[in-house]
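J.: Below is data.txt; it holds compact mmCIF, C-alpha atoms and all ligand atoms.
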# COMPACT_ATOMS: atom_id res chain seq x y z
CA MET A 1 23.16 45.22 45.58
CA ARG A 2 21.50 44.26 42.30
CA ALA A 3 23.84 45.28 39.52
CA ALA A 4 22.29 47.62 36.98
CA SER A 5 25.41 48.80 35.18
CA VAL A 6 29.02 47.86 34.47
CA SER A 7 30.14 50.08 37.34
CA ASP A 8 27.88 48.06 39.67
CA TYR A 9 29.59 44.84 38.56
CA ARG A 10 32.88 46.57 39.25
CA GLU A 11 31.78 47.33 42.80
CA LEU A 12 30.54 43.76 43.37
CA ALA A 13 33.83 42.37 42.03
CA ARG A 14 35.75 44.71 44.33
CA ARG A 15 33.94 43.23 47.32
CA ARG A 16 34.17 39.59 46.27
CA LEU A 17 37.68 39.24 44.85
CA PRO A 18 40.97 39.25 46.73
CA LYS A 19 42.44 42.72 46.46
CA MET A 20 45.32 41.58 44.28
CA PHE A 21 42.99 40.22 41.57
CA PHE A 22 40.61 43.16 41.68
CA GLU A 23 43.49 45.62 41.38
CA TYR A 24 44.98 43.57 38.56
CA ILE A 25 41.73 43.81 36.56
CA ASP A 26 40.93 47.39 37.46
CA GLY A 27 44.34 48.98 37.07
CA GLY A 28 46.35 50.40 34.23
CA SER A 29 50.00 51.25 33.76
CA TYR A 30 51.95 54.07 35.44
CA ALA A 31 49.68 57.01 36.32
CA GLU A 32 46.75 55.43 34.45
CA ALA A 33 46.31 58.51 32.24
CA THR A 34 45.40 56.47 29.18
CA LEU A 35 43.03 54.27 31.16
CA GLY A 36 41.25 57.42 32.29
CA ARG A 37 41.22 58.88 28.78
CA ASN A 38 39.63 55.76 27.31
CA VAL A 39 36.60 56.30 29.51
CA ALA A 40 36.56 60.11 29.59
CA ASP A 41 36.87 60.57 25.82
CA LEU A 42 33.92 58.26 25.22
CA GLU A 43 31.91 60.13 27.83
CA ALA A 44 32.72 63.47 26.21
CA ILE A 45 31.24 62.49 22.86
CA ALA A 46 27.66 63.69 22.51
CA LEU A 47 25.00 61.74 20.68
CA ARG A 48 22.28 63.58 18.77
CA GLN A 49 18.73 62.94 19.90
CA ARG A 50 16.29 62.35 17.04
CA VAL A 51 12.55 62.05 17.49
CA MET A 52 9.35 60.94 15.78
CA ARG A 53 10.75 58.18 13.62
CA ASP A 54 9.22 54.76 13.39
CA MET A 55 11.72 52.70 15.36
CA THR A 56 9.74 49.47 15.65
CA LYS A 57 12.39 47.54 13.71
CA LEU A 58 15.94 47.42 14.98
CA ASP A 59 18.78 45.43 13.48
CA MET A 60 21.69 44.92 15.83
CA SER A 61 23.21 41.91 14.12
CA ILE A 62 26.36 41.94 12.06
CA GLU A 63 28.31 39.49 9.98
CA THR A 64 32.07 39.70 10.35
CA LEU A 65 34.88 37.40 9.26
CA GLY A 66 32.34 34.71 8.49
CA GLN A 67 30.74 34.99 11.94
CA GLN A 68 27.16 35.98 12.62
CA LEU A 69 26.97 38.18 15.75
CA SER A 70 23.68 39.06 17.45
CA MET A 71 25.13 42.46 18.32
CA PRO A 72 28.42 44.22 17.53
CA VAL A 73 30.11 43.29 20.81
CA GLY A 74 32.64 40.65 21.81
CA LEU A 75 34.49 39.57 24.94
CA ALA A 76 38.11 40.72 24.65
CA PRO A 77 40.92 38.41 25.71
CA VAL A 78 41.52 38.75 29.44
CA GLY A 79 44.35 36.83 31.08
CA MET A 80 43.83 34.65 34.14
CA ALA A 81 40.02 34.85 34.16
CA GLY A 82 39.96 31.51 35.95
CA MET A 83 41.26 33.36 39.02
CA TYR A 84 38.20 35.67 39.07
CA GLY A 85 35.58 32.92 38.81
CA ARG A 86 35.73 29.13 38.94
CA ARG A 87 37.00 27.97 35.51
CA GLY A 88 36.22 31.54 34.49
CA GLU A 89 37.06 31.30 30.80
CA VAL A 90 34.58 28.45 30.37
CA GLN A 91 31.86 30.37 32.19
CA ALA A 92 32.42 33.50 30.11
CA ALA A 93 32.62 31.53 26.85
CA LYS A 94 29.25 29.93 27.59
CA ALA A 95 27.69 33.30 28.41
CA ALA A 96 29.04 34.76 25.17
CA ALA A 97 27.83 31.83 23.09
CA ALA A 98 24.35 32.06 24.61
CA ALA A 99 24.28 35.77 23.77
CA GLY A 100 25.45 35.17 20.20
CA VAL A 101 28.72 37.10 20.55
CA PRO A 102 32.35 35.96 20.28
CA PHE A 103 34.52 35.07 23.22
CA CYS A 104 38.23 35.55 22.65
CA LEU A 105 40.41 33.29 24.78
CA SER A 106 43.69 34.75 26.03
CA THR A 107 46.98 32.91 25.52
CA VAL A 108 47.36 33.31 29.28
CA GLY A 109 43.94 32.04 30.29
CA VAL A 110 43.65 29.67 33.23
CA CYS A 111 41.52 27.34 31.11
CA SER A 112 43.22 25.91 28.06
CA VAL A 113 41.79 26.19 24.57
CA GLU A 114 41.01 22.47 24.86
CA GLU A 115 38.97 23.01 28.04
CA VAL A 116 36.93 25.84 26.51
CA ALA A 117 36.34 23.88 23.31
CA ALA A 118 35.25 20.85 25.35
CA ALA A 119 32.54 23.04 26.89
CA GLY A 120 31.07 23.40 23.40
CA VAL A 121 32.52 26.79 22.38
CA ALA A 122 35.28 27.15 19.81
CA PRO A 123 36.68 30.49 20.99
CA TRP A 124 38.45 33.13 18.98
CA PHE A 125 42.03 32.58 20.06
CA GLN A 126 44.39 35.36 21.13
CA LEU A 127 48.07 34.90 20.50
CA TYR A 128 51.03 36.39 22.32
CA MET A 129 54.33 35.59 20.69
CA LEU A 130 56.61 33.58 22.97
CA LYS A 131 60.28 33.14 22.17
CA ASP A 132 59.79 29.41 21.87
CA ARG A 133 58.51 29.38 18.28
CA GLY A 134 58.10 25.61 18.19
CA TYR A 135 55.72 25.88 21.11
CA MET A 136 53.85 28.74 19.44
CA ARG A 137 53.44 26.78 16.24
CA ASP A 138 51.93 23.88 18.18
CA LEU A 139 49.64 26.23 20.11
CA VAL A 140 48.28 27.84 16.95
CA ALA A 141 47.79 24.38 15.43
CA ARG A 142 45.92 23.26 18.57
CA ALA A 143 43.53 26.22 18.36
CA LYS A 144 42.97 25.59 14.66
CA ASP A 145 42.32 21.88 15.13
CA LEU A 146 39.76 22.69 17.81
CA GLY A 147 37.85 24.88 15.37
CA SER A 148 38.77 28.39 16.56
CA PRO A 149 37.40 30.59 13.77
CA VAL A 150 39.61 33.70 14.24
CA LEU A 151 43.15 34.26 15.47
CA VAL A 152 43.70 37.54 17.33
CA PHE A 153 47.37 38.44 17.33
CA THR A 154 48.17 40.96 20.08
CA VAL A 155 50.98 43.27 19.03
CA ASP A 156 51.13 45.85 21.82
CA LEU A 157 52.76 43.74 24.51
CA PRO A 158 56.34 42.88 23.60
CA VAL A 159 56.96 43.74 27.26
CA PRO A 160 54.41 44.30 30.03
CA GLY A 161 53.81 47.92 31.06
CA ALA A 162 54.65 48.82 34.65
CA ARG A 163 51.52 48.51 36.75
CA TYR A 164 52.04 50.12 40.11
CA ARG A 165 48.86 48.73 41.63
CA ASP A 166 50.13 45.17 41.14
CA VAL A 167 53.22 45.94 43.17
CA ARG A 168 51.24 47.67 45.92
CA SER A 169 48.73 44.82 46.18
CA GLY A 170 51.49 42.20 46.33
CA PHE A 171 50.41 40.66 43.01
CA THR A 172 53.88 41.12 41.59
CA GLY A 173 57.26 41.40 43.20
CA SER A 174 56.35 40.05 46.64
CA SER A 175 58.15 36.97 47.84
CA GLY A 176 59.15 35.14 50.99
CA LEU A 177 57.12 34.85 54.13
CA SER A 178 55.56 38.30 54.03
CA GLY A 179 54.44 37.73 50.43
CA ALA A 180 52.91 34.37 51.32
CA LEU A 181 51.15 35.84 54.37
CA ASN A 182 49.81 38.72 52.32
CA THR A 183 48.43 36.33 49.70
CA ALA A 184 46.90 34.04 52.34
CA TRP A 185 45.28 36.96 54.17
CA ASP A 186 43.88 38.33 50.91
CA GLY A 187 42.28 34.95 50.21
CA ILE A 188 40.97 34.25 53.72
CA THR A 189 39.28 37.62 53.92
CA HIS A 190 37.31 36.86 50.73
CA PRO A 191 35.53 33.61 51.65
CA ALA A 192 33.14 33.47 48.67
CA TRP A 193 36.14 33.59 46.31
CA LEU A 194 38.07 31.17 48.52
CA TRP A 195 35.32 28.58 48.23
CA ASP A 196 34.57 29.12 44.55
CA VAL A 197 37.97 29.63 42.96
CA TRP A 198 40.68 28.63 45.41
CA ALA A 199 39.03 25.44 46.67
CA HIS A 200 36.98 24.35 43.65
CA GLY A 201 38.50 26.11 40.64
CA ARG A 202 41.75 24.20 40.26
CA PRO A 203 44.18 23.73 38.60
CA HIS A 204 45.44 27.29 38.84
CA THR A 205 47.82 27.37 35.95
CA LEU A 206 47.85 28.98 32.52
CA GLY A 207 46.19 26.12 30.68
CA SER A 208 47.20 26.76 27.07
CA VAL A 209 50.84 27.50 27.87
CA ALA A 210 51.23 25.22 30.89
CA GLY A 211 53.82 23.24 28.96
CA ALA A 212 55.99 26.33 28.49
CA LEU A 213 55.79 27.51 32.10
CA GLN A 214 58.55 26.41 34.37
CA GLN A 215 57.46 23.79 36.82
CA GLY A 216 56.15 24.94 40.16
CA ARG A 217 55.47 28.49 39.06
CA ARG A 218 52.56 30.20 40.72
CA VAL A 219 50.01 31.69 38.38
CA THR A 220 50.64 35.05 39.99
CA ASP A 221 54.29 34.94 38.88
CA PHE A 222 53.23 35.14 35.33
CA LEU A 223 54.05 38.82 34.68
CA SER A 224 57.71 38.15 35.38
CA TRP A 225 57.44 35.05 33.22
CA ILE A 226 55.99 37.19 30.41
CA ALA A 227 58.86 39.65 30.71
CA LYS A 228 61.34 36.81 30.20
CA ASN A 229 59.52 34.78 27.58
CA PHE A 230 57.66 37.17 25.29
CA ASP A 231 59.44 37.85 22.05
CA ARG A 232 60.44 41.49 21.47
CA SER A 233 61.98 40.74 18.11
CA VAL A 234 58.57 40.24 16.53
CA THR A 235 57.80 42.19 13.31
CA TRP A 236 55.10 42.25 10.63
CA ARG A 237 57.03 39.52 8.81
CA ASP A 238 56.06 37.15 11.60
CA LEU A 239 52.51 37.19 10.28
CA ASP A 240 53.82 35.12 7.36
CA TRP A 241 55.21 32.70 9.88
CA VAL A 242 51.86 32.50 11.70
CA ARG A 243 50.10 31.95 8.40
CA GLU A 244 52.12 28.84 7.70
CA THR A 245 50.12 27.20 10.48
CA TRP A 246 46.94 29.28 10.47
CA ASP A 247 44.92 29.60 7.30
CA GLY A 248 41.89 31.38 8.81
CA PRO A 249 41.32 35.09 9.45
CA ILE A 250 43.92 37.00 11.49
CA VAL A 251 43.02 40.06 13.53
CA VAL A 252 45.87 42.30 14.72
CA LYS A 253 45.08 43.71 18.17
CA GLY A 254 46.71 46.82 19.58
CA VAL A 255 46.98 49.39 16.78
CA LEU A 256 46.66 53.14 17.47
CA GLU A 257 48.38 54.72 14.46
CA ALA A 258 47.18 54.86 10.85
CA ASP A 259 50.64 53.93 9.54
CA ASP A 260 50.64 50.76 11.62
CA ALA A 261 47.13 50.02 10.41
CA ARG A 262 48.36 50.27 6.80
CA ASP A 263 51.21 47.89 7.68
CA ALA A 264 48.68 45.45 9.10
CA VAL A 265 46.81 45.56 5.79
CA ARG A 266 50.05 45.02 3.85
CA ALA A 267 50.92 42.11 6.14
CA GLY A 268 47.63 40.46 5.15
CA ALA A 269 45.53 40.88 8.30
CA GLN A 270 41.78 40.56 7.85
CA GLY A 271 40.95 42.72 10.84
CA LEU A 272 42.45 44.95 13.49
CA VAL A 273 41.52 46.10 16.95
CA VAL A 274 42.15 49.76 17.65
CA SER A 275 43.38 49.33 21.20
CA ASN A 276 45.86 50.49 23.81
CA HIS A 277 45.35 47.33 25.83
CA GLY A 278 42.87 49.05 28.10
CA GLY A 279 45.51 51.57 29.22
CA ARG A 280 47.69 48.80 30.60
CA GLN A 281 50.73 49.27 28.36
CA LEU A 282 52.19 52.61 27.23
CA ASP A 283 50.64 55.16 29.52
CA GLY A 284 50.17 58.59 27.95
CA VAL A 285 49.06 57.37 24.54
CA ARG A 286 45.75 58.58 23.19
CA SER A 287 42.45 56.90 23.94
CA SER A 288 41.25 54.17 21.62
CA ILE A 289 38.12 56.09 20.68
CA SER A 290 40.16 59.13 19.63
CA ALA A 291 42.46 56.95 17.50
CA LEU A 292 39.56 55.20 15.79
CA PRO A 293 38.40 57.80 13.19
CA ARG A 294 41.84 58.23 11.61
CA ILE A 295 42.33 54.51 11.34
CA ALA A 296 38.84 53.98 9.96
CA ASP A 297 39.53 56.66 7.35
CA ALA A 298 42.89 55.12 6.45
CA VAL A 299 42.02 51.42 6.16
CA GLY A 300 38.30 51.05 6.79
CA CYS A 301 37.74 49.71 3.28
CA ASP A 302 40.57 47.17 3.51
CA LEU A 303 39.80 45.15 6.64
CA GLU A 304 37.43 44.81 9.58
CA ILE A 305 37.94 47.47 12.22
CA TYR A 306 37.15 46.69 15.81
CA MET A 307 37.80 48.83 18.84
CA ASP A 308 38.28 48.26 22.55
CA GLY A 309 39.13 50.41 25.58
CA GLY A 310 36.73 52.16 27.89
CA ILE A 311 33.50 50.57 26.67
CA ARG A 312 31.23 50.55 29.72
CA SER A 313 27.74 50.79 28.20
CA GLY A 314 25.67 50.29 25.08
CA LEU A 315 25.89 54.04 24.51
CA ASP A 316 29.66 53.69 24.23
CA VAL A 317 29.19 50.91 21.69
CA LEU A 318 27.03 53.13 19.49
CA LYS A 319 29.56 55.97 19.73
CA ALA A 320 32.35 53.65 18.59
CA LEU A 321 30.26 52.31 15.70
CA SER A 322 29.52 55.88 14.68
CA LEU A 323 33.23 56.63 14.46
CA GLY A 324 34.01 53.65 12.28
CA ALA A 325 34.16 50.45 14.34
CA LYS A 326 32.41 47.37 13.01
CA ALA A 327 32.22 45.98 16.53
CA CYS A 328 33.57 46.67 20.03
CA PHE A 329 35.24 44.38 22.48
CA VAL A 330 34.87 44.69 26.24
CA GLY A 331 37.59 43.61 28.66
CA ARG A 332 37.01 44.87 32.19
CA ALA A 333 33.23 44.84 31.80
CA TRP A 334 33.14 41.06 31.55
CA ALA A 335 35.98 40.49 34.00
CA TYR A 336 34.10 42.51 36.64
CA ALA A 337 30.89 40.61 35.94
CA LEU A 338 32.67 37.26 36.14
CA GLY A 339 34.24 38.24 39.46
CA ALA A 340 30.89 39.51 40.71
CA GLY A 341 28.76 36.49 39.86
CA GLY A 342 30.19 34.08 37.28
CA GLU A 343 28.45 33.08 34.05
CA ALA A 344 25.03 34.37 35.13
CA ALA A 345 26.44 37.83 35.78
CA VAL A 346 28.32 37.89 32.44
CA THR A 347 25.03 36.95 30.77
CA ARG A 348 23.21 39.77 32.57
CA MET A 349 25.96 42.25 31.76
CA LEU A 350 25.73 41.37 28.05
CA GLY A 351 21.95 41.76 28.28
CA THR A 352 22.46 45.21 29.78
CA LEU A 353 24.80 46.25 26.95
CA ARG A 354 22.28 44.95 24.43
CA SER A 355 19.33 46.84 25.88
CA GLU A 356 21.38 50.01 26.32
CA LEU A 357 22.47 49.79 22.70
CA ALA A 358 18.86 49.30 21.63
CA VAL A 359 17.70 52.35 23.58
CA ALA A 360 20.54 54.43 22.17
CA MET A 361 19.66 53.36 18.62
CA ILE A 362 15.98 54.16 19.08
CA LEU A 363 16.67 57.59 20.57
CA THR A 364 19.16 58.51 17.87
CA GLY A 365 16.91 57.23 15.10
CA CYS A 366 19.39 54.56 14.03
CA GLY A 367 17.53 51.47 12.87
CA SER A 368 20.52 49.32 11.98
CA VAL A 369 24.02 49.11 13.41
CA ALA A 370 25.33 48.89 9.86
CA GLU A 371 24.04 52.44 9.30
CA ALA A 372 25.65 54.01 12.38
CA GLY A 373 27.78 56.92 11.22
CA ARG A 374 29.06 60.30 12.27
CA ASP A 375 25.65 61.85 11.68
CA LEU A 376 24.61 60.25 15.00
CA LEU A 377 27.11 62.41 16.86
CA ASP A 378 27.22 66.02 17.77
CA HIS A 379 29.60 67.07 15.06
CA ASP A 380 31.76 69.51 17.02
CA LEU A 381 32.45 67.13 19.86
CA ALA A 382 33.18 64.12 17.65
CA ILE A 383 35.64 66.07 15.54
CA ALA A 384 37.28 67.64 18.59
CA LYS A 385 38.34 64.18 19.67
CA GLU A 386 40.12 63.26 16.45
C1 LIG B 401 43.58 42.43 29.38
N1 LIG B 401 43.88 42.53 28.02
C2 LIG B 401 44.48 41.50 27.36
N2 LIG B 401 44.70 41.56 26.01
C3 LIG B 401 45.25 40.52 25.35
O1 LIG B 401 45.41 40.61 24.13
N3 LIG B 401 45.62 39.40 26.02
C4 LIG B 401 45.45 39.26 27.37
O2 LIG B 401 45.79 38.25 27.96
C5 LIG B 401 44.89 40.35 28.07
N4 LIG B 401 44.73 40.30 29.42
C6 LIG B 401 44.03 41.30 30.09
C7 LIG B 401 43.76 41.16 31.44
C8 LIG B 401 42.99 42.12 32.08
C9 LIG B 401 42.66 41.95 33.54
C10 LIG B 401 42.51 43.23 31.36
C11 LIG B 401 41.64 44.28 32.04
C12 LIG B 401 42.81 43.39 30.04
C13 LIG B 401 43.40 43.72 27.26
C14 LIG B 401 41.97 43.49 26.76
O3 LIG B 401 41.92 42.49 25.78
C15 LIG B 401 41.37 44.77 26.18
O4 LIG B 401 42.25 45.29 25.21
C16 LIG B 401 41.09 45.84 27.23
O5 LIG B 401 40.63 45.24 28.41
C17 LIG B 401 40.04 46.80 26.70
O6 LIG B 401 39.79 47.82 27.63
P1 LIG B 401 38.58 47.79 28.68
O7 LIG B 401 37.36 47.23 27.99
O8 LIG B 401 39.02 46.90 29.80
O9 LIG B 401 38.46 49.20 29.08
Let me see whether you can do it: turn the structure in this file into structure tokens.
Ligand code: FNR
T.:
Amino acid sequence: MRAASVSDYRELARRRLPKMFFEYIDGGSYAEATLGRNVADLEAIALRQRVMRDMTKLDMSIETLGQQLSMPVGLAPVGMAGMYGRRGEVQAAKAAAAAGVPFCLSTVGVCSVEEVAAAGVAPWFQLYMLKDRGYMRDLVARAKDLGSPVLVFTVDLPVPGARYRDVRSGFTGSSGLSGALNTAWDGITHPAWLWDVWAHGRPHTLGSVAGALQQGRRVTDFLSWIAKNFDRSVTWRDLDWVRETWDGPIVVKGVLEADDARDAVRAGAQGLVVSNHGGRQLDGVRSSISALPRIADAVGCDLEIYMDGGIRSGLDVLKALSLGAKACFVGRAWAYALGAGGEAAVTRMLGTLRSELAVAMILTGCGSVAEAGRDLLDHDLAIAKE
């Protein structure tokens, strides 16, 4: 199958990846209500078709936090991408750089920040707060020394949400002989992945935090490692602590409430990502797109507002811009593409988002992404979602 859309990349990834990795990417927490809402609420928003305007000139570029982006899209931090494609973070970072959009490297990436930077891309760096603050300080300093332009501090994962699919697939909680057999069978029955990632994509560790992982831990044990090592005591005051080491822009990722957004401003953040972690944390919370307008109204003049969760097309990007986002991040969309066909597929997927965004702009009469506003949306539906 030639992939035409994000859902096609999803299907290709489903065929190519071991079940445990596909389910890990695809799934959400508990009953996956929020995961479903992220997508459904975007779908429910209606754009307004406008005709007979000269749309020969389109401006999709933006400038944000000192970065020039060719379109208002970035690759969200996704853990363990090196298990979906050989040295996956490097492949995705190259695809993003070629497309002129940011790649945000997860704290729990397979490739370290050093490995991605050595490939010629200084990634935005995503930070999870581990209890070992000395280690965290060094990690932030490493990213800074390598030229990472933006630090993305994820605040919605003091503990991992319960993800039933990971238990059912054997990704978490399986041990002993049956667990090992399950893992081996999952790998053997996906030979393309076996050759690409298992045989030629080593080492399979979490590169940036390898020093903090206990020796001998399998990469797939990392959710239990997170539960033990992530710091639940973290508060807004810790941003001061981060700033002692990091003097560049800080983006707080994982805000859904206007009050928290105001706190992020008070704490000195330069940006925030309206996000529920792709429906992977507290199931039952509202969709990101429905949280966006309130937050944009509350703090839109004070910092850069980004949004992620449920973005599956360029149409979705335009809807999010119309409701107040400066740019959108995609998580699953690039993880699926990476699993489906590596860097080339991530490049094609970004090309698809770009052309879909262009078509949506032309057909709504929006010549510049900077001008996207609520007038592009069917008023009743947009307001109904707030
Ligand atoms: C994530 N996400 C995430 N976020 C983060 O801050 N650090 C991380 O390591 C990860 N890891 C991760 C793994 C996988 C497999 C997924 C799907 C997601 C969340 C991610 O950055 C983003 O918030 C969501 O993916 C956005 O939702 P969509 O685009 O996947 O619907």
J.: Could you name the residues that touch segment 288-302 of chain A at 10 Å or less, counting only C-alpha atoms, but leaving out those on the same chain fewer than 2 positions away, as a PyMOL selection string?
T.: chain A and resi 34-35+37-42+45+254-266+268-279+285-286+304-311+316+319-326+374+382-386
J.: Report the distance between atom CA of Met80 of chain A and atom CA of Tyr135 of chain A in Å, rounded to one decimal place.
T.: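 Going from atom CA of Met80 of chain A over to atom CA of Tyr135 of chain A covers 19.7 Å.
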J.: Provide the atom CA of Glu114 of chain A to atom CA of Tyr128 of chain A distance in Å, to one decimal place.
T.: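 Going from atom CA of Glu114 of chain A over to atom CA of Tyr128 of chain A covers 17.3 Å.
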J.: Write out as a list in words which residues come within 8 Å of segment 247-249 of chain A when counting all atoms listed in the file, dropping same-chain ones fewer than 2 positions away.
T.: Leu65, Pro149, Val150, Leu151, Arg243, Glu244, Thr245, Val251, Ala269, Gln270 and Gly271 of chain A
J.: Using all atoms listed in the file for the distances, tell me which of A:Asp138, A:Asp186, A:Asp132, A:Glu89 is nearest to Lys19 of chain A.
T.: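 Of all the options, A:Asp186 lies closest to Lys19 of chain A.
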J.: Could you tell me how far atom CA of Leu213 of chain A sits from atom CA of Arg14 of chain A, in Å to one decimal place?
T.: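 So the two atoms, atom CA of Arg14 of chain A and atom CA of Leu213 of chain A, lie 29.1 Å apart.
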J.: Please list, as a list in words, the residues that have an atom at most 8 Å away from (25.6, 48.2, 11.6) in the coordinates of this file, counting only C-alpha atoms.
T.: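 Those within range, by chain then number, are Asp59, Met60, Ser61, Ile62, Pro72, Leu321, Lys326, Ser368, Val369, Ala370, Glu371 and Ala372 of chain A.
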J.: With distances taken over all atoms listed in the file, which of A:Ala340, A:Leu350, A:Leu75, A:Val140 is nearest to ligand LIG 401 (chain B)?
T.: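 Among the listed residues, A:Leu75 lies closest to ligand LIG 401 (chain B).
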J.: Could you give me, as a tab-separated table, a per-residue list for segment 281-357 of chain A showing, wherever an atom lies at most 9 Å from an atom of segment 94-108 of chain A, the closest pair of atoms and their distance in Å to one decimal, using all atoms listed in the file and sorting by chain then residue number from low to high?
T.:
residue	atom	partner	partner_atom	distance
A:Glu343	CA	A:Ala95	CA	5.7
A:Ala344	CA	A:Ala95	CA	7.3
A:Ala345	CA	A:Ala95	CA	8.7
A:Val346	CA	A:Ala95	CA	6.1
A:Thr347	CA	A:Ala95	CA	5.1
A:Arg348	CA	A:Ala95	CA	8.9
A:Leu350	CA	A:Ala99	CA	7.2
A:Gly351	CA	A:Ala99	CA	7.9
J.: Find the residue from A:Ala118, A:Ala76, A:Met83, A:Val234 that sits nearest to ligand LIG 401 (chain B); use all atoms listed in the file when measuring.
T.: A:Ala76
J.: Using all atoms listed in the file, which protein or nucleic acid residues come within 10 Å of Met20 of chain A? Drop anything in the same chain fewer than 6 positions from it, and give the result as a short mmCIF file (atom, residue, chain, number, x, y, z; two decimals) with C-alpha atoms, keeping the file's coordinate frame.
T.:
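So result.cif came out as:
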data_model
loop_
_atom_site.label_atom_id
_atom_site.label_comp_id
_atom_site.auth_asym_id
_atom_site.auth_seq_id
_atom_site.Cartn_x
_atom_site.Cartn_y
_atom_site.Cartn_z
CA ASP A 26 40.93 47.39 37.46
CA ARG A 165 48.86 48.73 41.63
CA ASP A 166 50.13 45.17 41.14
CA VAL A 167 53.22 45.94 43.17
CA ARG A 168 51.24 47.67 45.92
CA SER A 169 48.73 44.82 46.18
CA GLY A 170 51.49 42.20 46.33
CA PHE A 171 50.41 40.66 43.01
CA THR A 172 53.88 41.12 41.59
CA ASN A 182 49.81 38.72 52.32
CA THR A 183 48.43 36.33 49.70
CA ASP A 186 43.88 38.33 50.91
CA GLY A 187 42.28 34.95 50.21
CA THR A 220 50.64 35.05 39.99
#
J.: From the options A:Arg10, A:Arg280, A:His379, A:Arg137, which residue's atoms come nearest to ligand LIG 401 (chain B), counting all atoms listed in the file?
T.: A:Arg280
J.: Write out as a list in words which residues come within 10 Å of Ser224 of chain A when counting all atoms listed in the file, dropping same-chain ones fewer than 6 positions away.
T.: Val159, Pro160, Thr172 and Gly173 of chain A
